[in-house]
file my_file14.cif (mmCIF, C-alpha atoms)
data_input
loop_
_atom_site.group_PDB
_atom_site.id
_atom_site.type_symbol
_atom_site.label_atom_id
_atom_site.label_comp_id
_atom_site.auth_asym_id
_atom_site.auth_seq_id
_atom_site.Cartn_x
_atom_site.Cartn_y
_atom_site.Cartn_z
ATOM 1 C CA MET A 152 -57.060 -36.895 -13.090
ATOM 2 C CA LYS A 153 -57.591 -33.565 -11.329
ATOM 3 C CA LYS A 154 -61.145 -34.517 -10.387
ATOM 4 C CA GLN A 155 -59.996 -37.768 -8.806
ATOM 5 C CA LEU A 156 -57.227 -36.020 -6.852
ATOM 6 C CA THR A 157 -59.676 -33.377 -5.638
ATOM 7 C CA LEU A 158 -62.203 -36.044 -4.613
ATOM 8 C CA ILE A 159 -59.570 -38.047 -2.705
ATOM 9 C CA THR A 160 -58.299 -34.912 -0.940
ATOM 10 C CA ALA A 161 -61.844 -33.912 0.047
ATOM 11 C CA MET A 162 -62.557 -37.398 1.400
ATOM 12 C CA VAL A 163 -59.347 -37.450 3.476
ATOM 13 C CA LEU A 164 -60.061 -34.014 4.917
ATOM 14 C CA SER A 165 -63.665 -34.858 5.781
ATOM 15 C CA LEU A 166 -62.544 -38.131 7.373
ATOM 16 C CA THR A 167 -60.014 -36.304 9.597
ATOM 17 C CA ILE A 168 -62.587 -33.713 10.634
ATOM 18 C CA LEU A 169 -65.329 -36.244 11.413
ATOM 19 C CA THR A 170 -63.228 -38.655 13.501
ATOM 20 C CA PRO A 171 -63.470 -38.079 17.240
ATOM 21 C CA SER A 172 -60.517 -36.407 18.936
ATOM 22 C CA ALA A 173 -58.428 -38.292 21.478
ATOM 23 C CA GLN A 174 -59.876 -38.385 24.957
ATOM 24 C CA ALA A 175 -57.671 -37.011 27.700
ATOM 25 C CA GLY A 176 -57.368 -39.036 30.856
ATOM 26 C CA SER A 177 -57.825 -37.738 34.326
ATOM 27 C CA PRO A 178 -55.582 -34.859 35.411
ATOM 28 C CA GLN A 179 -53.887 -37.012 38.057
ATOM 29 C CA SER A 180 -52.772 -39.861 35.791
ATOM 30 C CA HIS A 181 -49.742 -38.257 34.071
ATOM 31 C CA ARG A 182 -48.631 -35.862 36.780
ATOM 32 C CA TRP A 183 -45.305 -37.609 37.510
ATOM 33 C CA GLU A 184 -44.374 -37.642 33.820
ATOM 34 C CA GLY A 185 -44.903 -33.866 33.708
ATOM 35 C CA VAL A 186 -42.798 -33.425 36.845
ATOM 36 C CA ALA A 187 -39.972 -35.492 35.326
ATOM 37 C CA ILE A 188 -40.044 -33.496 32.059
ATOM 38 C CA GLY A 189 -40.037 -30.174 33.961
ATOM 39 C CA LEU A 190 -37.167 -31.300 36.211
ATOM 40 C CA GLY A 191 -35.101 -32.407 33.202
ATOM 41 C CA ALA A 192 -35.729 -29.087 31.439
ATOM 42 C CA ALA A 193 -34.709 -27.163 34.572
ATOM 43 C CA ILE A 194 -31.452 -29.127 34.939
ATOM 44 C CA LEU A 195 -30.579 -28.718 31.268
ATOM 45 C CA GLY A 196 -31.439 -24.986 31.307
ATOM 46 C CA SER A 197 -29.379 -24.317 34.451
ATOM 47 C CA ALA A 198 -26.385 -26.152 32.917
ATOM 48 C CA LEU A 199 -26.606 -24.037 29.766
ATOM 49 C CA VAL A 200 -26.954 -20.754 31.687
ATOM 50 C CA ASP A 201 -24.129 -21.686 34.076
ATOM 51 C CA ASN A 202 -21.815 -22.518 31.160
ATOM 52 C CA TYR A 203 -22.703 -19.215 29.436
ATOM 53 C CA TYR A 204 -21.936 -17.008 32.454
ATOM 54 C CA ARG A 205 -18.883 -18.856 33.761
ATOM 55 C CA ALA A 206 -15.617 -16.920 33.477
ATOM 56 C CA PRO A 207 -13.165 -18.462 30.991
ATOM 57 C CA GLN A 208 -10.253 -20.309 32.528
ATOM 58 C CA PRO A 209 -6.814 -18.811 31.887
ATOM 59 C CA ALA A 210 -4.634 -20.672 29.433
ATOM 60 C CA PRO A 211 -1.698 -22.612 30.888
ATOM 61 C CA ARG A 212 1.523 -20.606 30.910
ATOM 62 C CA VAL A 213 4.198 -21.678 28.513
ATOM 63 C CA TYR A 214 7.679 -20.547 29.462
ATOM 64 C CA ALA A 215 9.967 -19.524 26.622
ATOM 65 C CA PRO A 216 13.720 -19.500 26.951
ATOM 66 C CA PRO A 217 15.157 -16.079 27.806
ATOM 67 C CA ALA A 218 16.023 -13.838 24.883
ATOM 68 C CA PRO A 219 19.724 -13.437 24.142
ATOM 69 C CA ALA A 220 21.304 -10.271 25.451
ATOM 70 C CA TYR A 221 22.076 -7.702 22.729
ATOM 71 C CA ARG A 222 24.988 -5.315 22.812
ATOM 72 C CA HIS A 223 25.507 -2.480 20.405
ATOM 73 C CA HIS A 224 29.065 -2.645 19.134
ATOM 74 C CA ARG A 225 30.277 0.667 17.833
ATOM 75 C CA PRO A 226 33.012 0.406 15.285
ATOM 76 C CA SER A 227 36.373 1.564 16.512
ATOM 77 C CA GLY A 228 37.984 4.655 15.065
ATOM 78 C CA ARG A 229 36.803 8.207 14.964
ATOM 79 C CA PRO A 230 33.179 8.914 15.851
ATOM 80 C CA TYR A 231 30.595 9.580 13.189
ATOM 81 C CA GLN A 232 30.542 13.096 11.871
ATOM 82 C CA GLY A 233 27.825 14.781 9.921
ATOM 83 C CA HIS A 234 24.794 16.988 10.200
ATOM 84 C CA TRP A 235 21.022 16.995 9.797
ATOM 85 C CA GLU A 236 19.465 18.437 6.674
ATOM 86 C CA ILE A 237 15.838 19.234 5.999
ATOM 87 C CA ARG A 238 14.717 18.134 2.556
ATOM 88 C CA LYS A 239 11.425 19.089 1.000
ATOM 89 C CA THR A 240 9.501 16.691 -1.177
ATOM 90 C CA TRP A 241 6.319 17.413 -3.135
ATOM 91 C CA VAL A 242 3.366 15.116 -2.461
ATOM 92 C CA GLN A 243 1.090 14.890 -5.502
ATOM 93 C CA PRO A 244 -2.572 15.855 -5.113
ATOM 94 C CA ALA A 245 -5.107 13.036 -4.963
ATOM 95 C CA TYR A 246 -7.759 12.928 -7.680
ATOM 96 C CA GLU A 247 -11.022 11.030 -7.963
ATOM 97 C CA LYS A 248 -12.592 9.987 -11.266
ATOM 98 C CA ILE A 249 -16.353 10.593 -11.458
ATOM 99 C CA TRP A 250 -18.758 10.120 -14.370
ATOM 100 C CA ASN A 251 -20.593 13.191 -15.639
ATOM 101 C CA PRO A 252 -23.631 11.820 -17.522
ATOM 102 C CA GLY A 253 -24.845 13.303 -20.798
ATOM 103 C CA HIS A 254 -27.077 16.365 -20.463
ATOM 104 C CA PHE A 255 -28.360 19.491 -22.209
ATOM 105 C CA ASN A 256 -26.307 22.651 -21.687
ATOM 106 C CA ARG A 257 -27.689 26.178 -21.173
ATOM 107 C CA ARG A 258 -28.032 26.717 -24.889
ATOM 108 C CA GLY A 259 -30.125 23.574 -25.281
ATOM 109 C CA ARG A 260 -27.441 21.474 -26.976
ATOM 110 C CA TRP A 261 -26.710 17.890 -26.018
ATOM 111 C CA VAL A 262 -23.351 17.288 -24.268
ATOM 112 C CA GLU A 263 -22.010 13.709 -24.244
ATOM 113 C CA GLY A 264 -21.108 12.086 -20.894
ATOM 114 C CA GLU A 265 -17.442 12.085 -19.843
ATOM 115 C CA TRP A 266 -15.113 11.203 -17.005
ATOM 116 C CA LEU A 267 -14.005 14.129 -14.827
ATOM 117 C CA ARG A 268 -11.048 14.308 -12.467
ATOM 118 C CA VAL A 269 -12.028 16.025 -9.216
ATOM 119 C CA GLU A 270 -9.319 16.974 -6.723
ATOM 120 C CA LYS A 271 -9.867 14.976 -3.545
ATOM 121 C CA ALA A 272 -6.860 16.276 -1.569
ATOM 122 C CA PRO A 273 -4.536 19.114 -2.600
ATOM 123 C CA GLY A 274 -0.804 18.650 -3.134
ATOM 124 C CA TYR A 275 1.603 19.836 -0.441
ATOM 125 C CA TRP A 276 5.254 20.066 0.508
ATOM 126 C CA GLU A 277 6.544 17.627 3.099
ATOM 127 C CA GLU A 278 9.672 18.267 5.137
ATOM 128 C CA GLU A 279 11.917 15.372 6.138
ATOM 129 C CA ARG A 280 14.972 15.348 8.375
ATOM 130 C CA VAL A 281 17.886 13.449 6.802
ATOM 131 C CA TRP A 282 21.269 12.705 8.417
ATOM 132 C CA VAL A 283 24.166 13.501 6.100
ATOM 133 C CA ALA A 284 27.406 11.806 7.217
ATOM 134 C CA ARG A 285 30.849 13.162 6.429
ATOM 135 C CA ARG A 286 33.750 10.872 5.769
#
call {"tool": "encode", "arguments": {"input": "my_file14.cif", "output": "C-alpha cells"}}
result
Amino acid sequence: MKKQLTLITAMVLSLTILTPSAQAGSPQSHRWEGVAIGLGAAILGSALVDNYYRAPQPAPRVYAPPAPAYRHHRPSGRPYQGHWEIRKTWVQPAYEKIWNPGHFNRRGRWVEGEWLRVEKAPGYWEEERVWVARR
C-alpha cells in the first residue's frame, strides 16, 4: 500500500514539474484590468484610513428633569451640645505565611519544612475624632 501511494505521489509531482507553465500575454493586453484593481484598492484604502482618523461624533444630549431642591431641616428646640473626643484604636499587624522548605541545620541534622509567619506591616495606633453629644 505504501509503495503504491509513493509511486502515485511521485508520478503526480513529476507530471506537475514537466508540464509547461502558462504563457503570459503581451504587457499591453491586461493593463486596464490592473488599473481598475489599483483604483479599487486605493478607494477602499482611503475609506479605511479616513474612517480610522475621523474624530468621533459627540453623542446626542439627553436632558434630565431638574433635581429636586433639598433643604436641611434642623429640629426645633435647643441646639446640639457636645464635644469632640479623640479615641485610639489598635490596628493589628499584617502577617504573611511563607513556606520554609526542609533543610539541614548547622549541626547537620535534617529539619522538616514548616509554615512561617513573617510580619508584613507592623501594628500601630490610630487616632479617630468622635463627636460625643450631650442630652
call {"tool": "closest_residue", "arguments": {"input": "my_file14.cif", "among": "A:Asn202, A:Glu277, A:Gln155, A:Ser165", "to": "Trp241 of chain A", "atoms": "only C-alpha atoms"}}
result
A:Glu277
call {"tool": "atom_distance", "arguments": {"input": "my_file14.cif", "atom1": "atom CA of Arg285 of chain A", "atom2": "atom CA of Arg238 of chain A"}}
result
17.3 Å
call {"tool": "residues_around", "arguments": {"input": "my_file14.cif", "residues": "Gly233 of chain A", "least_positions_apart": "5", "cutoff": "10 Å", "atoms": "all atoms listed in the file", "output": "list of chain:residue names"}}
result
A:Trp282, A:Val283, A:Ala284, A:Arg285, A:Arg286
call {"tool": "resolve_selection", "arguments": {"input": "my_file14.cif", "expression": "the PyMOL selection byres ((chain A and resi 251) around 10)", "output": "list in words"}}
result
Lys248, Ile249, Trp250, Pro252, Gly253, His254, Val262, Glu263, Gly264, Glu265, Trp266 and Leu267 of chain A
call {"tool": "residues_around", "arguments": {"input": "my_file14.cif", "residues": "Glu270 of chain A", "least_positions_apart": "5", "cutoff": "12 Å", "atoms": "all atoms listed in the file", "output": "list in words"}}
result
Gln243, Pro244, Ala245, Tyr246, Glu247, Lys248 and Ile249 of chain A
call {"tool": "atom_distance", "arguments": {"input": "my_file14.cif", "atom1": "atom CA of Ala193 of chain A", "atom2": "atom CA of Pro207 of chain A"}}
result
23.5 Å
call {"tool": "residues_around", "arguments": {"input": "my_file14.cif", "residues": "Thr240 of chain A", "least_positions_apart": "2", "cutoff": "12 Å", "atoms": "all atoms listed in the file", "output": "ChimeraX atom specification"}}
result
/A:237-238,242-243,274-280
call {"tool": "write_last_selection", "arguments": {"input": "my_file14.cif", "atoms": "C-alpha atoms", "output": "tab-separated table (two decimals), keeping the file's coordinate frame"}}
result
chain	number	residue	atom	x	y	z
A	237	ILE	CA	15.84	19.23	6.00
A	238	ARG	CA	14.72	18.13	2.56
A	242	VAL	CA	3.37	15.12	-2.46
A	243	GLN	CA	1.09	14.89	-5.50
A	274	GLY	CA	-0.80	18.65	-3.13
A	275	TYR	CA	1.60	19.84	-0.44
A	276	TRP	CA	5.25	20.07	0.51
A	277	GLU	CA	6.54	17.63	3.10
A	278	GLU	CA	9.67	18.27	5.14
A	279	GLU	CA	11.92	15.37	6.14
A	280	ARG	CA	14.97	15.35	8.38
call {"tool": "closest_residue", "arguments": {"input": "my_file14.cif", "among": "A:Asp201, A:Arg260, A:Glu236, A:Pro211", "to": "Val281 of chain A", "atoms": "only C-alpha atoms"}}
result
A:Glu236
call {"tool": "atom_distance", "arguments": {"input": "my_file14.cif", "atom1": "atom CA of His181 of chain A", "atom2": "atom CA of Val200 of chain A"}}
result
28.8 Å
